[in-house]
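Engineer: start19.txt is the file, holding compact mmCIF, C-alpha atoms:
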# COMPACT_ATOMS: atom_id res chain seq x y z
CA MET L 1 148.07 54.43 45.67
CA ALA L 2 150.33 53.48 42.75
CA GLU L 3 153.91 54.62 43.06
CA HIS L 4 155.69 56.44 40.28
CA PRO L 5 158.31 54.23 38.60
CA SER L 6 161.03 56.71 39.60
CA GLU L 7 159.74 57.09 43.16
CA PRO L 8 161.72 55.26 45.83
CA ALA L 9 159.62 52.71 47.66
CA ARG L 10 158.64 54.05 51.05
CA ARG L 11 159.68 51.80 53.89
CA PRO L 12 157.10 51.21 56.62
CA GLY L 13 157.63 54.02 59.10
CA GLY L 14 160.40 55.40 56.91
CA ILE L 15 160.95 58.84 55.48
CA ARG L 16 161.77 59.99 51.95
CA VAL L 17 164.21 62.87 51.65
CA ALA L 18 164.93 65.13 48.70
CA SER L 19 168.52 66.19 49.42
CA VAL L 20 170.37 68.84 47.44
CA PRO L 21 172.76 67.44 46.34
CA ALA L 22 171.93 63.81 47.11
CA GLY L 23 175.14 62.55 45.54
CA HIS L 24 177.48 64.57 47.75
CA VAL L 25 179.59 62.59 50.21
CA TYR L 26 178.10 64.45 53.21
CA VAL L 27 174.57 63.48 52.26
CA ARG L 28 175.50 59.94 51.24
CA HIS L 29 177.17 59.35 54.60
CA CYS L 30 174.42 60.82 56.78
CA SER L 31 172.88 57.36 57.01
CA THR L 32 173.98 54.78 59.50
CA PRO L 33 175.66 51.69 58.03
CA ALA L 34 172.64 49.68 59.14
CA SER L 35 169.22 50.51 57.75
CA ASP L 36 167.93 53.82 59.10
CA ASP L 37 164.55 53.84 57.33
CA VAL L 38 165.57 56.89 55.30
CA THR L 39 165.28 56.83 51.53
CA ARG L 40 167.01 59.63 49.68
CA LEU L 41 165.83 60.54 46.20
CA PRO L 42 168.64 60.42 43.63
CA ASP L 43 169.76 63.67 42.04
CA PRO L 44 167.75 64.26 38.87
CA ARG L 45 170.05 64.64 35.87
CA PRO L 46 170.14 68.24 34.65
CA ASN L 47 168.89 68.95 31.13
CA GLY L 48 171.68 68.43 28.68
CA ALA L 49 173.72 66.11 30.89
CA PRO L 50 174.66 62.90 29.07
CA SER L 51 172.72 59.80 30.12
CA THR L 52 175.92 58.26 31.46
CA SER L 53 176.69 61.33 33.57
CA GLN L 54 176.31 61.38 37.34
CA ARG L 55 176.53 65.16 37.20
CA TRP L 56 174.17 66.96 39.57
CA TRP L 57 175.00 70.57 38.76
CA PRO L 58 172.91 72.62 38.48
CA PRO L 59 170.64 70.91 41.02
CA VAL L 60 167.28 70.24 39.40
CA MET L 61 165.62 69.93 42.82
CA LEU L 62 166.14 73.68 43.37
CA ASP L 63 163.52 74.41 40.73
CA PRO L 64 160.12 75.25 42.29
CA ASP L 65 158.47 73.48 39.35
CA TRP L 66 160.36 70.29 40.28
CA VAL L 67 158.99 70.62 43.84
CA SER L 68 155.45 71.14 42.52
CA THR L 69 155.73 68.12 40.22
CA HIS L 70 157.43 65.78 42.74
CA HIS L 71 156.02 66.88 46.11
CA ASP L 72 154.30 63.51 46.54
CA ASP L 73 157.67 61.74 46.12
CA PHE L 74 159.32 63.09 49.29
CA ASP L 75 158.49 63.89 52.90
CA VAL L 76 161.21 66.40 53.75
CA TYR L 77 163.51 68.63 51.72
CA HIS L 78 167.14 68.82 52.83
CA LEU L 79 169.30 71.61 51.42
CA HIS L 80 173.00 71.11 51.95
CA PHE L 81 174.54 73.34 49.31
CA GLY L 82 174.62 73.85 45.56
CA PHE L 83 172.48 76.99 45.44
CA ASP L 84 175.39 79.30 44.53
CA ALA L 85 173.81 80.30 41.22
CA GLN L 86 170.34 80.93 42.68
CA SER L 87 169.20 84.48 43.28
CA PRO L 88 167.32 85.41 46.47
CA ALA L 89 164.15 85.61 44.34
CA GLN L 90 164.69 82.07 43.02
CA LEU L 91 165.33 80.77 46.55
CA SER L 92 162.19 82.54 47.77
CA ALA L 93 160.21 80.82 45.01
CA LEU L 94 161.66 77.46 46.11
CA VAL L 95 160.76 78.13 49.75
CA ASP L 96 157.26 79.20 48.70
CA ALA L 97 156.78 76.00 46.67
CA LEU L 98 157.86 73.87 49.63
CA GLY L 99 155.42 75.76 51.86
CA ARG L 100 152.53 75.41 49.40
CA HIS L 101 153.00 71.65 49.42
CA GLY L 102 153.57 71.36 53.17
CA LYS L 103 157.15 70.12 52.83
CA PRO L 104 159.49 70.95 55.70
CA LEU L 105 162.86 72.45 54.81
CA VAL L 106 165.94 71.29 56.70
CA TYR L 107 169.05 73.30 55.89
CA THR L 108 172.59 72.25 56.75
CA VAL L 109 174.35 75.58 57.17
CA HIS L 110 177.55 74.31 55.62
CA ASP L 111 179.11 77.65 54.71
CA LEU L 112 178.49 80.96 56.43
CA ARG L 113 180.97 82.34 53.92
CA ASN L 114 181.09 80.71 50.47
CA PRO L 115 184.77 80.08 49.67
CA HIS L 116 184.00 79.98 45.94
CA GLN L 117 182.68 83.53 45.77
CA GLN L 118 185.00 86.49 46.09
CA ASP L 119 182.22 88.89 47.15
CA PRO L 120 180.28 87.53 50.15
CA ALA L 121 177.18 89.63 49.41
CA ALA L 122 175.48 87.09 47.12
CA HIS L 123 175.87 84.22 49.59
CA GLU L 124 174.77 86.40 52.50
CA ALA L 125 171.63 87.39 50.57
CA ALA L 126 170.90 83.71 49.89
CA LEU L 127 171.36 82.85 53.57
CA ASP L 128 168.98 85.69 54.46
CA VAL L 129 166.29 83.82 52.52
CA VAL L 130 167.03 80.21 53.44
CA ILE L 131 167.93 80.41 57.14
CA PRO L 132 164.81 82.29 58.28
CA ALA L 133 162.60 80.02 56.13
CA ALA L 134 164.04 76.68 57.25
CA ASP L 135 161.99 74.52 59.59
CA ARG L 136 165.20 73.12 61.08
CA LEU L 137 168.84 74.13 60.86
CA ILE L 138 171.89 71.92 61.19
CA THR L 139 175.48 73.08 61.37
CA LEU L 140 178.84 71.53 62.10
CA THR L 141 180.35 73.57 64.94
CA PRO L 142 179.25 75.43 68.07
CA GLY L 143 180.87 78.59 66.64
CA ALA L 144 178.72 78.42 63.51
CA ALA L 145 175.63 77.80 65.65
CA GLN L 146 176.47 80.91 67.67
CA SER L 147 176.89 82.98 64.48
CA ILE L 148 173.49 81.77 63.27
CA ARG L 149 171.93 82.67 66.62
CA ASP L 150 173.59 86.11 66.60
CA ARG L 151 172.67 87.01 63.03
CA TRP L 152 169.27 85.36 62.49
CA ASN L 153 168.10 84.58 66.03
CA ARG L 154 167.72 80.93 65.01
CA THR L 155 168.90 77.81 66.78
CA ALA L 156 170.94 75.31 64.79
CA THR L 157 171.55 71.75 65.92
CA VAL L 158 175.27 70.98 65.92
CA LEU L 159 176.04 67.63 64.36
CA PRO L 160 179.54 66.42 63.51
CA HIS L 161 180.40 66.04 59.85
CA PRO L 162 179.92 62.43 58.81
CA HIS L 163 182.89 60.45 57.56
CA VAL L 164 183.98 61.25 54.02
CA VAL L 165 185.83 58.01 53.36
CA ASP L 166 183.76 54.92 52.58
CA MET L 167 183.37 52.59 55.57
CA PRO L 168 185.45 49.67 54.21
CA ARG L 169 188.40 52.02 53.68
CA LEU L 170 187.81 53.71 57.04
CA ALA L 171 187.89 50.31 58.76
CA ASP L 172 191.21 49.29 57.13
CA ALA L 173 194.06 48.81 59.56
CA ARG L 174 196.59 51.60 59.38
CA PRO L 175 200.30 50.92 59.54
CA ASP L 176 202.13 51.89 62.72
CA HIS L 177 204.15 55.12 62.54
CA ASP L 178 206.65 56.74 64.87
CA THR L 179 205.18 60.15 64.09
CA PHE L 180 201.73 61.64 64.36
CA ARG L 181 199.94 62.40 61.06
CA VAL L 182 196.93 64.57 60.41
CA GLY L 183 195.07 64.55 57.12
CA VAL L 184 193.65 67.89 56.07
CA HIS L 185 191.44 68.52 53.08
CA ALA L 186 193.05 71.34 51.14
CA LYS L 187 190.65 73.74 49.46
CA VAL L 188 191.31 77.05 47.85
CA CYS L 189 189.63 79.76 49.88
CA VAL L 190 189.02 83.28 48.74
CA PRO L 191 190.62 85.77 51.14
CA THR L 192 188.22 88.05 52.96
What does the file become when written as structure tokens?

Structural biologist:
Amino acid sequence: MAEHPSEPARRPGGIRVASVPAGHVYVRHCSTPASDDVTRLPDPRPNGAPSTSQRWWPPVMLDPDWVSTHHDDFDVYHLHFGFDAQSPAQLSALVDALGRHGKPLVYTVHDLRNPHQQDPAAHEAALDVVIPAADRLITLTPGAAQSIRDRWNRTATVLPHPHVVDMPRLADARPDHDTFRVGVHAKVCVPT
């Protein structure tokens, strides 16, 4: 079988993953520093993005037509986030396309409440499509796993968030301090 020029070479015994978004730090750092036999497809450039852009928004892989065209290029579909602008009908069409082509859906339930949306109804409606349809669910905390169990009667595997700093920087020696420091990522959250 000839491979498509854009298709990542499949490693013997390896797996090819279409991650949305592949360029996000969470997804990039899911791999072990040593080879893990996982090949992640790069984010397709959205129409209109300049050729020098690494922009992934809006995620092209959310389009059911992309799935139908590229289903031979990946073994599993991993949704992390980036579906904020998708309606429940669009997400249902994506899920249907994955099912038609026998592609399992793994969803990292990253946000039970989208901090970028003032009204939680749209995100809740999206979760009501994706969570029941997913073949496997991942989340970051036992509390989130419990919420998923309570609301959707689904079990989510709890995995810690991978590092967000590149390994060489993470391995750098830190200067000694007399005080304890904690680094916290500050993000604007919409009050509930």

Engineer: To one decimal place, how far is CA of Ala125 (chain L) from CA of His80 (chain L) in Å?

Structural biologist: 16.4 Å

Engineer: Near Val129 (chain L), counting all atoms listed in the file, which residues have an atom at most 9 Å away, once you skip same-chain residues fewer than 6 positions from it, shown as a PyMOL selection string?

Structural biologist: chain L and resi 88-89+91-92+95

Engineer: Find the residues around Thr157 (chain L) up to 12 Å (only C-alpha atoms counted), leave out those fewer than 3 positions away in its own chain, and share them as an mmCIF file with C-alpha atoms, keeping the file's coordinate frame.

Structural biologist:
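part.cif written:
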data_model
loop_
_atom_site.group_PDB
_atom_site.id
_atom_site.type_symbol
_atom_site.label_atom_id
_atom_site.label_comp_id
_atom_site.auth_asym_id
_atom_site.auth_seq_id
_atom_site.Cartn_x
_atom_site.Cartn_y
_atom_site.Cartn_z
ATOM 1 C CA VAL L 106 165.940 71.290 56.700
ATOM 2 C CA TYR L 107 169.050 73.300 55.890
ATOM 3 C CA THR L 108 172.590 72.250 56.750
ATOM 4 C CA VAL L 109 174.350 75.580 57.170
ATOM 5 C CA ASP L 135 161.990 74.520 59.590
ATOM 6 C CA ARG L 136 165.200 73.120 61.080
ATOM 7 C CA LEU L 137 168.840 74.130 60.860
ATOM 8 C CA ILE L 138 171.890 71.920 61.190
ATOM 9 C CA THR L 139 175.480 73.080 61.370
ATOM 10 C CA LEU L 140 178.840 71.530 62.100
ATOM 11 C CA THR L 141 180.350 73.570 64.940
ATOM 12 C CA PRO L 142 179.250 75.430 68.070
ATOM 13 C CA GLY L 143 180.870 78.590 66.640
ATOM 14 C CA ALA L 144 178.720 78.420 63.510
ATOM 15 C CA ALA L 145 175.630 77.800 65.650
ATOM 16 C CA GLN L 146 176.470 80.910 67.670
ATOM 17 C CA ILE L 148 173.490 81.770 63.270
ATOM 18 C CA ARG L 149 171.930 82.670 66.620
ATOM 19 C CA ARG L 154 167.720 80.930 65.010
ATOM 20 C CA PRO L 160 179.540 66.420 63.510
#

Engineer: Can you work out the spacing between CA of Pro46 (chain L) and CA of Val20 (chain L) in Å, to one decimal?

Structural biologist: 12.8 Å

Engineer: Figure out the distance between CA of Pro115 (chain L) and CA of Val76 (chain L), please, to one decimal in Å.

Structural biologist: 27.5 Å

Engineer: Skipping near chain neighbours, those fewer than 4 positions away, what residues fall within 9 Å of Ser19 (chain L) using all atoms listed in the file, listed as a list in words?

Structural biologist: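 Near Ser19 (chain L), the qualifying residues are Gly23, Val27, Arg40, Leu41, Pro42, Asp43, Met61, Val76, Tyr77, His78, Leu79 and His80 of chain L.
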
Engineer: Rank L:Leu105, L:Ser68, L:Asp96, L:Asp84 by their smallest atom-to-atom distance to Ala18 (chain L), using all atoms listed in the file, and report the top residue only.

Structural biologist: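 Among the listed residues, L:Leu105 lies closest to Ala18 (chain L).
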
Engineer: Measuring between only C-alpha atoms, which one of L:Ala156, L:Ala97, L:Ala134, L:Thr39 shows the shortest distance to Thr69 (chain L)?

Structural biologist: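 Among L:Ala156, L:Ala97, L:Ala134, L:Thr39, it is L:Ala97 that comes nearest to Thr69 (chain L).
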